[in-house]
Amino acid sequence: MGPMTPHALSLDGLSIRLRASLVVDNVSLTLDHGESLGIVGESGCGKSTLLKCIAGIYDTWLGNIEVFDRKLNARRTYADRRLLQIVFQDPAAALNPAHTVDTILREPLIIHRFDRQDKRIADVLEAVSLPHSIRFRFPGQISGGQRQRLCIARALLVEPRIILLDEPTSSLDVSVQAEILNLLAELRAERQISYLLISHDLAVVAQLCERIMVMAAGKIVGRTTRDELRGKAKEQSYRKLLLPFSRD
């Protein structure tokens with residue numbers, strides 16, 4: 001037998017305390033190369049804090065975070081950040097309104113010293129189905145769906161192996177949500193990127209992810225799969241998993 005392929009992402013006993021509160025409590029999980037894993041939970045359960053900690057936004061945590069067998073510290077290197085990118089919930093808040101689309105996309109290429117920047121920008125706009133005519137517009141001059149495609153494009157530019165998705169469709173219209181989820185599924189298949197998605201919407205998670213975890217009160221309280229949820233009672237399954245924690 002050859003050597004085992006390392007997990008794309010591995011969390012071991014991750015706990016996060018913000019001020020006096022234990023927001024994430026001893027969470028362990030693995031994400032494989034090319035896999036999509038979803039964490040679903042109610043608002044305030046700790047899922048966004050968990051994602052931001054993995055992304056390097058929070059640096060007060062205990063436990064281990066490993067990416068492809070490489071241990072991450074609170075202080076991230078440029079190489080760490082290239083491996084692992086995040087797409088936020090609200091594209092309007094994630095984009096500088098004073099910068100054009102071209103400037104927004106060029107910035108990570110400059111920071112990470114990529115060559116052929118114009119070609120990379122043109123290619124990534126095509127990859128997320130954005131017209132080249134928007135390249136010198138500002139975020140306020142394009143639609144909400146286009147802004148989220150732009151955020152996905154920005155994440156893709158540095159060729160990450162993992163993308164963290166923080167409720168990426170919750171601020172969008174239902175029809176646009178479906179387009180963005182389809183785009184994410186296509187990009188994952190083409191590029192073999194691993195996704196860790198968080199959402200309060202079980203249907204969104206089940207559409208994009210094979211494995212699903214349920215989070216409540218800072219803990220992982222249940223695990224299931226898309227196949228197990230198919231058919232009848234998705235919502236009943238979810239409520240059953242959450243029931244012991246519903247009064248916390």
# chains A, B, ... in the order shown; residues from 1 in each chain; ligands from 1

$ residues_around --residues "Gly140 (chain A)" --least-positions-apart "5" --cutoff "9 Å" --atoms "only C-alpha atoms" --output "short mmCIF file (atom, residue, chain, number, x, y, z; two decimals) with C-alpha atoms, in the first residue's frame"
data_model
loop_
_atom_site.label_atom_id
_atom_site.label_comp_id
_atom_site.auth_asym_id
_atom_site.auth_seq_id
_atom_site.Cartn_x
_atom_site.Cartn_y
_atom_site.Cartn_z
CA ALA A 92 -21.30 44.26 -0.57
CA PRO A 97 -16.79 50.26 -2.86
CA ARG A 147 -20.74 40.86 -6.60
#

$ residues_around --residues "Gly34 (chain A)" --least-positions-apart "3" --cutoff "12 Å" --atoms "only C-alpha atoms" --output "PyMOL selection string"
chain A and resi 5-9+31+37+160-163+185-196+209-210

$ select_by_dssp --residues "region 19-69 of chain A" --states "strand (DSSP E)" --output "list in words"
Ser21, Leu22, Val23, Val24, Asp25, Asn26, Val27, Ser28, Leu29, Thr30, Leu31, Ser36, Leu37, Gly38, Ile39, Val40, Trp61, Leu62, Gly63, Asn64, Ile65, Glu66 and Val67 of chain A

$ write_last_selection --atoms "N, CA and C atoms" --output "short mmCIF file (atom, residue, chain, number, x, y, z; two decimals), in the first residue's frame"
data_model
loop_
_atom_site.label_atom_id
_atom_site.label_comp_id
_atom_site.auth_asym_id
_atom_site.auth_seq_id
_atom_site.Cartn_x
_atom_site.Cartn_y
_atom_site.Cartn_z
N SER A 21 -16.71 34.26 26.79
CA SER A 21 -17.57 33.17 26.31
C SER A 21 -16.79 32.13 25.52
N LEU A 22 -17.09 30.86 25.78
CA LEU A 22 -16.57 29.76 24.98
C LEU A 22 -17.52 29.58 23.80
N VAL A 23 -17.11 30.09 22.64
CA VAL A 23 -18.00 30.15 21.47
C VAL A 23 -17.94 28.86 20.66
N VAL A 24 -16.75 28.27 20.57
CA VAL A 24 -16.56 26.98 19.90
C VAL A 24 -15.91 26.05 20.90
N ASP A 25 -16.51 24.86 21.09
CA ASP A 25 -16.14 23.99 22.20
C ASP A 25 -15.68 22.62 21.69
N ASN A 26 -14.34 22.47 21.58
CA ASN A 26 -13.74 21.15 21.34
C ASN A 26 -14.25 20.51 20.04
N VAL A 27 -14.13 21.24 18.94
CA VAL A 27 -14.61 20.75 17.64
C VAL A 27 -13.48 20.02 16.91
N SER A 28 -13.77 18.82 16.44
CA SER A 28 -12.84 18.05 15.62
C SER A 28 -13.55 17.63 14.34
N LEU A 29 -12.86 17.75 13.21
CA LEU A 29 -13.42 17.30 11.94
C LEU A 29 -12.30 17.13 10.93
N THR A 30 -12.61 16.41 9.85
CA THR A 30 -11.68 16.29 8.72
C THR A 30 -12.43 16.59 7.43
N LEU A 31 -11.69 17.15 6.48
CA LEU A 31 -12.21 17.46 5.15
C LEU A 31 -11.22 16.88 4.16
N SER A 36 -16.74 18.31 -0.24
CA SER A 36 -17.51 19.45 0.25
C SER A 36 -18.22 19.03 1.54
N LEU A 37 -17.89 19.69 2.64
CA LEU A 37 -18.45 19.38 3.96
C LEU A 37 -19.25 20.59 4.43
N GLY A 38 -20.45 20.35 4.91
CA GLY A 38 -21.30 21.44 5.38
C GLY A 38 -21.51 21.39 6.88
N ILE A 39 -21.53 22.56 7.49
CA ILE A 39 -21.90 22.68 8.90
C ILE A 39 -23.14 23.55 8.96
N VAL A 40 -24.22 22.98 9.50
CA VAL A 40 -25.49 23.71 9.56
C VAL A 40 -25.84 23.94 11.03
N TRP A 61 -7.26 30.83 20.02
CA TRP A 61 -7.89 29.52 19.99
C TRP A 61 -6.93 28.47 20.54
N LEU A 62 -7.52 27.36 20.94
CA LEU A 62 -6.75 26.21 21.42
C LEU A 62 -7.08 25.02 20.54
N GLY A 63 -6.12 24.11 20.40
CA GLY A 63 -6.32 22.93 19.56
C GLY A 63 -5.40 22.96 18.36
N ASN A 64 -5.68 22.11 17.39
CA ASN A 64 -4.84 22.01 16.19
C ASN A 64 -5.64 22.24 14.93
N ILE A 65 -5.06 23.02 14.01
CA ILE A 65 -5.59 23.19 12.66
C ILE A 65 -4.48 22.75 11.70
N GLU A 66 -4.77 21.76 10.87
CA GLU A 66 -3.79 21.30 9.88
C GLU A 66 -4.40 21.37 8.49
N VAL A 67 -3.59 21.82 7.52
CA VAL A 67 -3.97 21.86 6.12
C VAL A 67 -2.95 21.02 5.35
#

$ select_by_dssp --residues "region 137-166 of chain A" --states "alpha helix (DSSP H)" --output "list in words"
Gly144, Gly145, Gln146, Arg147, Gln148, Arg149, Leu150, Cys151, Ile152, Ala153, Arg154, Ala155 and Leu156 of chain A

$ write_last_selection --atoms "N, CA, C and O atoms" --output "PDB file, in the first residue's frame"
ATOM      1  N   GLY A 144     -26.114  42.115  -7.077  1.00  0.00           N
ATOM      2  CA  GLY A 144     -25.694  41.326  -5.918  1.00  0.00           C
ATOM      3  C   GLY A 144     -25.103  39.982  -6.314  1.00  0.00           C
ATOM      4  O   GLY A 144     -24.094  39.537  -5.752  1.00  0.00           O
ATOM      5  N   GLY A 145     -25.734  39.326  -7.283  1.00  0.00           N
ATOM      6  CA  GLY A 145     -25.209  38.051  -7.760  1.00  0.00           C
ATOM      7  C   GLY A 145     -23.838  38.204  -8.404  1.00  0.00           C
ATOM      8  O   GLY A 145     -22.942  37.373  -8.211  1.00  0.00           O
ATOM      9  N   GLN A 146     -23.663  39.291  -9.177  1.00  0.00           N
ATOM     10  CA  GLN A 146     -22.361  39.555  -9.794  1.00  0.00           C
ATOM     11  C   GLN A 146     -21.301  39.870  -8.734  1.00  0.00           C
ATOM     12  O   GLN A 146     -20.149  39.448  -8.863  1.00  0.00           O
ATOM     13  N   ARG A 147     -21.696  40.571  -7.686  1.00  0.00           N
ATOM     14  CA  ARG A 147     -20.740  40.860  -6.603  1.00  0.00           C
ATOM     15  C   ARG A 147     -20.270  39.572  -5.937  1.00  0.00           C
ATOM     16  O   ARG A 147     -19.090  39.422  -5.607  1.00  0.00           O
ATOM     17  N   GLN A 148     -21.186  38.618  -5.718  1.00  0.00           N
ATOM     18  CA  GLN A 148     -20.765  37.362  -5.093  1.00  0.00           C
ATOM     19  C   GLN A 148     -19.889  36.549  -6.049  1.00  0.00           C
ATOM     20  O   GLN A 148     -18.924  35.914  -5.615  1.00  0.00           O
ATOM     21  N   ARG A 149     -20.180  36.593  -7.333  1.00  0.00           N
ATOM     22  CA  ARG A 149     -19.287  35.950  -8.314  1.00  0.00           C
ATOM     23  C   ARG A 149     -17.898  36.590  -8.271  1.00  0.00           C
ATOM     24  O   ARG A 149     -16.878  35.898  -8.401  1.00  0.00           O
ATOM     25  N   LEU A 150     -17.864  37.903  -8.082  1.00  0.00           N
ATOM     26  CA  LEU A 150     -16.593  38.607  -7.971  1.00  0.00           C
ATOM     27  C   LEU A 150     -15.816  38.159  -6.734  1.00  0.00           C
ATOM     28  O   LEU A 150     -14.595  37.951  -6.795  1.00  0.00           O
ATOM     29  N   CYS A 151     -16.511  37.977  -5.619  1.00  0.00           N
ATOM     30  CA  CYS A 151     -15.846  37.483  -4.401  1.00  0.00           C
ATOM     31  C   CYS A 151     -15.285  36.076  -4.606  1.00  0.00           C
ATOM     32  O   CYS A 151     -14.183  35.757  -4.130  1.00  0.00           O
ATOM     33  N   ILE A 152     -16.036  35.234  -5.322  1.00  0.00           N
ATOM     34  CA  ILE A 152     -15.554  33.887  -5.626  1.00  0.00           C
ATOM     35  C   ILE A 152     -14.331  33.965  -6.543  1.00  0.00           C
ATOM     36  O   ILE A 152     -13.336  33.261  -6.343  1.00  0.00           O
ATOM     37  N   ALA A 153     -14.391  34.856  -7.534  1.00  0.00           N
ATOM     38  CA  ALA A 153     -13.254  35.039  -8.440  1.00  0.00           C
ATOM     39  C   ALA A 153     -12.010  35.474  -7.669  1.00  0.00           C
ATOM     40  O   ALA A 153     -10.905  34.964  -7.917  1.00  0.00           O
ATOM     41  N   ARG A 154     -12.184  36.403  -6.755  1.00  0.00           N
ATOM     42  CA  ARG A 154     -11.037  36.886  -5.962  1.00  0.00           C
ATOM     43  C   ARG A 154     -10.421  35.742  -5.160  1.00  0.00           C
ATOM     44  O   ARG A 154      -9.192  35.627  -5.061  1.00  0.00           O
ATOM     45  N   ALA A 155     -11.263  34.883  -4.587  1.00  0.00           N
ATOM     46  CA  ALA A 155     -10.754  33.736  -3.832  1.00  0.00           C
ATOM     47  C   ALA A 155     -10.000  32.772  -4.748  1.00  0.00           C
ATOM     48  O   ALA A 155      -8.965  32.211  -4.362  1.00  0.00           O
ATOM     49  N   LEU A 156     -10.489  32.568  -5.962  1.00  0.00           N
ATOM     50  CA  LEU A 156      -9.877  31.605  -6.883  1.00  0.00           C
ATOM     51  C   LEU A 156      -8.515  32.061  -7.406  1.00  0.00           C
ATOM     52  O   LEU A 156      -7.679  31.223  -7.767  1.00  0.00           O
TER      53      LEU A 156
END

$ closest_residue --among "A:Thr224, A:Thr60, A:Ser143, A:Thr49" --to "Asp173 (chain A)" --atoms "only C-alpha atoms"
A:Ser143

$ residues_around --residues "region 100-105 of chain A" --least-positions-apart "6" --cutoff "6 Å" --atoms "only C-alpha atoms" --output "ChimeraX atom specification"
/A:135-138,154

$ residues_around --residues "Val204 (chain A)" --least-positions-apart "2" --cutoff "9 Å" --atoms "only C-alpha atoms" --output "PyMOL selection string"
chain A and resi 167+169+177-178+181+199-202+206-209

$ closest_residue --among "A:Leu164, A:Arg82, A:Gly222, A:Ala217" --to "Gly44 (chain A)" --atoms "only C-alpha atoms"
A:Ala217

$ closest_residue --among "A:Leu172, A:Leu50, A:Ile16, A:Leu184" --to "Asp90 (chain A)" --atoms "only C-alpha atoms"
A:Leu172

$ atom_distance --atom1 "CA of Gly41 (chain A)" --atom2 "CA of Phe68 (chain A)"
26.5 Å

$ closest_residue --among "A:Ile180, A:Ile110, A:Arg230, A:Ile220" --to "Leu14 (chain A)" --atoms "only C-alpha atoms"
A:Ile220

$ atom_distance --atom1 "CA of Met213 (chain A)" --atom2 "CA of Leu197 (chain A)"
10.2 Å

$ residues_around --residues "Val124 (chain A)" --least-positions-apart "4" --cutoff "7 Å" --atoms "only C-alpha atoms" --output "list of chain:residue names"
A:Arg120, A:Val128, A:Ala153, A:Leu157

$ atom_distance --atom1 "CA of Leu165 (chain A)" --atom2 "CA of Ile86 (chain A)"
6.0 Å

$ decode --residues "region 177-189 of chain A" --atoms "all heavy atoms" --output "PDB file, in the first residue's frame"
ATOM      1  N   GLN A 177     -29.426  32.563  -5.879  1.00  0.00           N
ATOM      2  CA  GLN A 177     -28.825  31.548  -5.007  1.00  0.00           C
ATOM      3  C   GLN A 177     -28.523  30.279  -5.781  1.00  0.00           C
ATOM      4  O   GLN A 177     -27.429  29.716  -5.678  1.00  0.00           O
ATOM      5  CB  GLN A 177     -29.788  31.183  -3.861  1.00  0.00           C
ATOM      6  CG  GLN A 177     -29.830  32.173  -2.722  1.00  0.00           C
ATOM      7  CD  GLN A 177     -30.677  31.657  -1.561  1.00  0.00           C
ATOM      8  OE1 GLN A 177     -30.896  30.469  -1.426  1.00  0.00           O
ATOM      9  NE2 GLN A 177     -31.131  32.562  -0.720  1.00  0.00           N
ATOM     10  N   ALA A 178     -29.498  29.820  -6.566  1.00  0.00           N
ATOM     11  CA  ALA A 178     -29.318  28.581  -7.328  1.00  0.00           C
ATOM     12  C   ALA A 178     -28.165  28.709  -8.314  1.00  0.00           C
ATOM     13  O   ALA A 178     -27.362  27.778  -8.477  1.00  0.00           O
ATOM     14  CB  ALA A 178     -30.615  28.237  -8.054  1.00  0.00           C
ATOM     15  N   GLU A 179     -28.056  29.866  -8.966  1.00  0.00           N
ATOM     16  CA  GLU A 179     -26.966  30.092  -9.925  1.00  0.00           C
ATOM     17  C   GLU A 179     -25.608  30.020  -9.236  1.00  0.00           C
ATOM     18  O   GLU A 179     -24.664  29.419  -9.760  1.00  0.00           O
ATOM     19  CB  GLU A 179     -27.121  31.462 -10.588  1.00  0.00           C
ATOM     20  CG  GLU A 179     -28.290  31.575 -11.538  1.00  0.00           C
ATOM     21  CD  GLU A 179     -28.462  32.997 -12.050  1.00  0.00           C
ATOM     22  OE1 GLU A 179     -27.556  33.829 -11.782  1.00  0.00           O
ATOM     23  OE2 GLU A 179     -29.480  33.272 -12.701  1.00  0.00           O
ATOM     24  N   ILE A 180     -25.498  30.639  -8.060  1.00  0.00           N
ATOM     25  CA  ILE A 180     -24.225  30.654  -7.330  1.00  0.00           C
ATOM     26  C   ILE A 180     -23.870  29.248  -6.844  1.00  0.00           C
ATOM     27  O   ILE A 180     -22.703  28.818  -6.933  1.00  0.00           O
ATOM     28  CB  ILE A 180     -24.276  31.651  -6.150  1.00  0.00           C
ATOM     29  CG1 ILE A 180     -24.442  33.094  -6.658  1.00  0.00           C
ATOM     30  CG2 ILE A 180     -23.027  31.526  -5.262  1.00  0.00           C
ATOM     31  CD1 ILE A 180     -23.288  33.626  -7.481  1.00  0.00           C
ATOM     32  N   LEU A 181     -24.843  28.499  -6.347  1.00  0.00           N
ATOM     33  CA  LEU A 181     -24.580  27.123  -5.897  1.00  0.00           C
ATOM     34  C   LEU A 181     -24.147  26.242  -7.064  1.00  0.00           C
ATOM     35  O   LEU A 181     -23.230  25.420  -6.926  1.00  0.00           O
ATOM     36  CB  LEU A 181     -25.816  26.539  -5.212  1.00  0.00           C
ATOM     37  CG  LEU A 181     -26.154  27.148  -3.847  1.00  0.00           C
ATOM     38  CD1 LEU A 181     -27.502  26.628  -3.353  1.00  0.00           C
ATOM     39  CD2 LEU A 181     -25.072  26.853  -2.814  1.00  0.00           C
ATOM     40  N   ASN A 182     -24.779  26.415  -8.223  1.00  0.00           N
ATOM     41  CA  ASN A 182     -24.373  25.658  -9.408  1.00  0.00           C
ATOM     42  C   ASN A 182     -22.951  26.018  -9.833  1.00  0.00           C
ATOM     43  O   ASN A 182     -22.158  25.139 -10.193  1.00  0.00           O
ATOM     44  CB  ASN A 182     -25.353  25.898 -10.569  1.00  0.00           C
ATOM     45  CG  ASN A 182     -26.700  25.241 -10.335  1.00  0.00           C
ATOM     46  OD1 ASN A 182     -26.808  24.280  -9.568  1.00  0.00           O
ATOM     47  ND2 ASN A 182     -27.736  25.762 -10.974  1.00  0.00           N
ATOM     48  N   LEU A 183     -22.630  27.311  -9.783  1.00  0.00           N
ATOM     49  CA  LEU A 183     -21.272  27.758 -10.118  1.00  0.00           C
ATOM     50  C   LEU A 183     -20.244  27.129  -9.175  1.00  0.00           C
ATOM     51  O   LEU A 183     -19.210  26.616  -9.616  1.00  0.00           O
ATOM     52  CB  LEU A 183     -21.192  29.285 -10.042  1.00  0.00           C
ATOM     53  CG  LEU A 183     -19.779  29.883 -10.149  1.00  0.00           C
ATOM     54  CD1 LEU A 183     -19.178  29.629 -11.531  1.00  0.00           C
ATOM     55  CD2 LEU A 183     -19.797  31.378  -9.832  1.00  0.00           C
ATOM     56  N   LEU A 184     -20.533  27.161  -7.874  1.00  0.00           N
ATOM     57  CA  LEU A 184     -19.604  26.590  -6.897  1.00  0.00           C
ATOM     58  C   LEU A 184     -19.403  25.088  -7.141  1.00  0.00           C
ATOM     59  O   LEU A 184     -18.277  24.585  -7.049  1.00  0.00           O
ATOM     60  CB  LEU A 184     -20.119  26.838  -5.476  1.00  0.00           C
ATOM     61  CG  LEU A 184     -19.991  28.276  -4.965  1.00  0.00           C
ATOM     62  CD1 LEU A 184     -20.819  28.476  -3.700  1.00  0.00           C
ATOM     63  CD2 LEU A 184     -18.529  28.654  -4.714  1.00  0.00           C
ATOM     64  N   ALA A 185     -20.483  24.384  -7.459  1.00  0.00           N
ATOM     65  CA  ALA A 185     -20.378  22.946  -7.735  1.00  0.00           C
ATOM     66  C   ALA A 185     -19.512  22.690  -8.972  1.00  0.00           C
ATOM     67  O   ALA A 185     -18.672  21.779  -8.982  1.00  0.00           O
ATOM     68  CB  ALA A 185     -21.771  22.346  -7.917  1.00  0.00           C
ATOM     69  N   GLU A 186     -19.692  23.509 -10.013  1.00  0.00           N
ATOM     70  CA  GLU A 186     -18.897  23.349 -11.239  1.00  0.00           C
ATOM     71  C   GLU A 186     -17.418  23.626 -10.985  1.00  0.00           C
ATOM     72  O   GLU A 186     -16.546  22.874 -11.455  1.00  0.00           O
ATOM     73  CB  GLU A 186     -19.417  24.301 -12.322  1.00  0.00           C
ATOM     74  CG  GLU A 186     -20.759  23.911 -12.913  1.00  0.00           C
ATOM     75  CD  GLU A 186     -21.407  25.054 -13.678  1.00  0.00           C
ATOM     76  OE1 GLU A 186     -20.711  26.057 -13.965  1.00  0.00           O
ATOM     77  OE2 GLU A 186     -22.617  24.958 -13.979  1.00  0.00           O
ATOM     78  N   LEU A 187     -17.128  24.682 -10.254  1.00  0.00           N
ATOM     79  CA  LEU A 187     -15.735  25.041  -9.972  1.00  0.00           C
ATOM     80  C   LEU A 187     -15.038  23.964  -9.150  1.00  0.00           C
ATOM     81  O   LEU A 187     -13.871  23.643  -9.377  1.00  0.00           O
ATOM     82  CB  LEU A 187     -15.674  26.384  -9.230  1.00  0.00           C
ATOM     83  CG  LEU A 187     -16.053  27.615 -10.043  1.00  0.00           C
ATOM     84  CD1 LEU A 187     -16.229  28.818  -9.121  1.00  0.00           C
ATOM     85  CD2 LEU A 187     -14.990  27.903 -11.110  1.00  0.00           C
ATOM     86  N   ARG A 188     -15.768  23.417  -8.197  1.00  0.00           N
ATOM     87  CA  ARG A 188     -15.193  22.348  -7.364  1.00  0.00           C
ATOM     88  C   ARG A 188     -14.850  21.125  -8.220  1.00  0.00           C
ATOM     89  O   ARG A 188     -13.781  20.532  -8.091  1.00  0.00           O
ATOM     90  CB  ARG A 188     -16.188  21.981  -6.273  1.00  0.00           C
ATOM     91  CG  ARG A 188     -15.711  20.862  -5.375  1.00  0.00           C
ATOM     92  CD  ARG A 188     -16.831  20.483  -4.414  1.00  0.00           C
ATOM     93  NE  ARG A 188     -16.678  19.104  -4.024  1.00  0.00           N
ATOM     94  CZ  ARG A 188     -17.670  18.261  -3.831  1.00  0.00           C
ATOM     95  NH1 ARG A 188     -18.914  18.647  -3.986  1.00  0.00           N
ATOM     96  NH2 ARG A 188     -17.442  17.018  -3.479  1.00  0.00           N
ATOM     97  N   ALA A 189     -15.750  20.750  -9.117  1.00  0.00           N
ATOM     98  CA  ALA A 189     -15.510  19.585  -9.975  1.00  0.00           C
ATOM     99  C   ALA A 189     -14.331  19.827 -10.923  1.00  0.00           C
ATOM    100  O   ALA A 189     -13.487  18.951 -11.117  1.00  0.00           O
ATOM    101  CB  ALA A 189     -16.770  19.256 -10.765  1.00  0.00           C
TER     102      ALA A 189
END
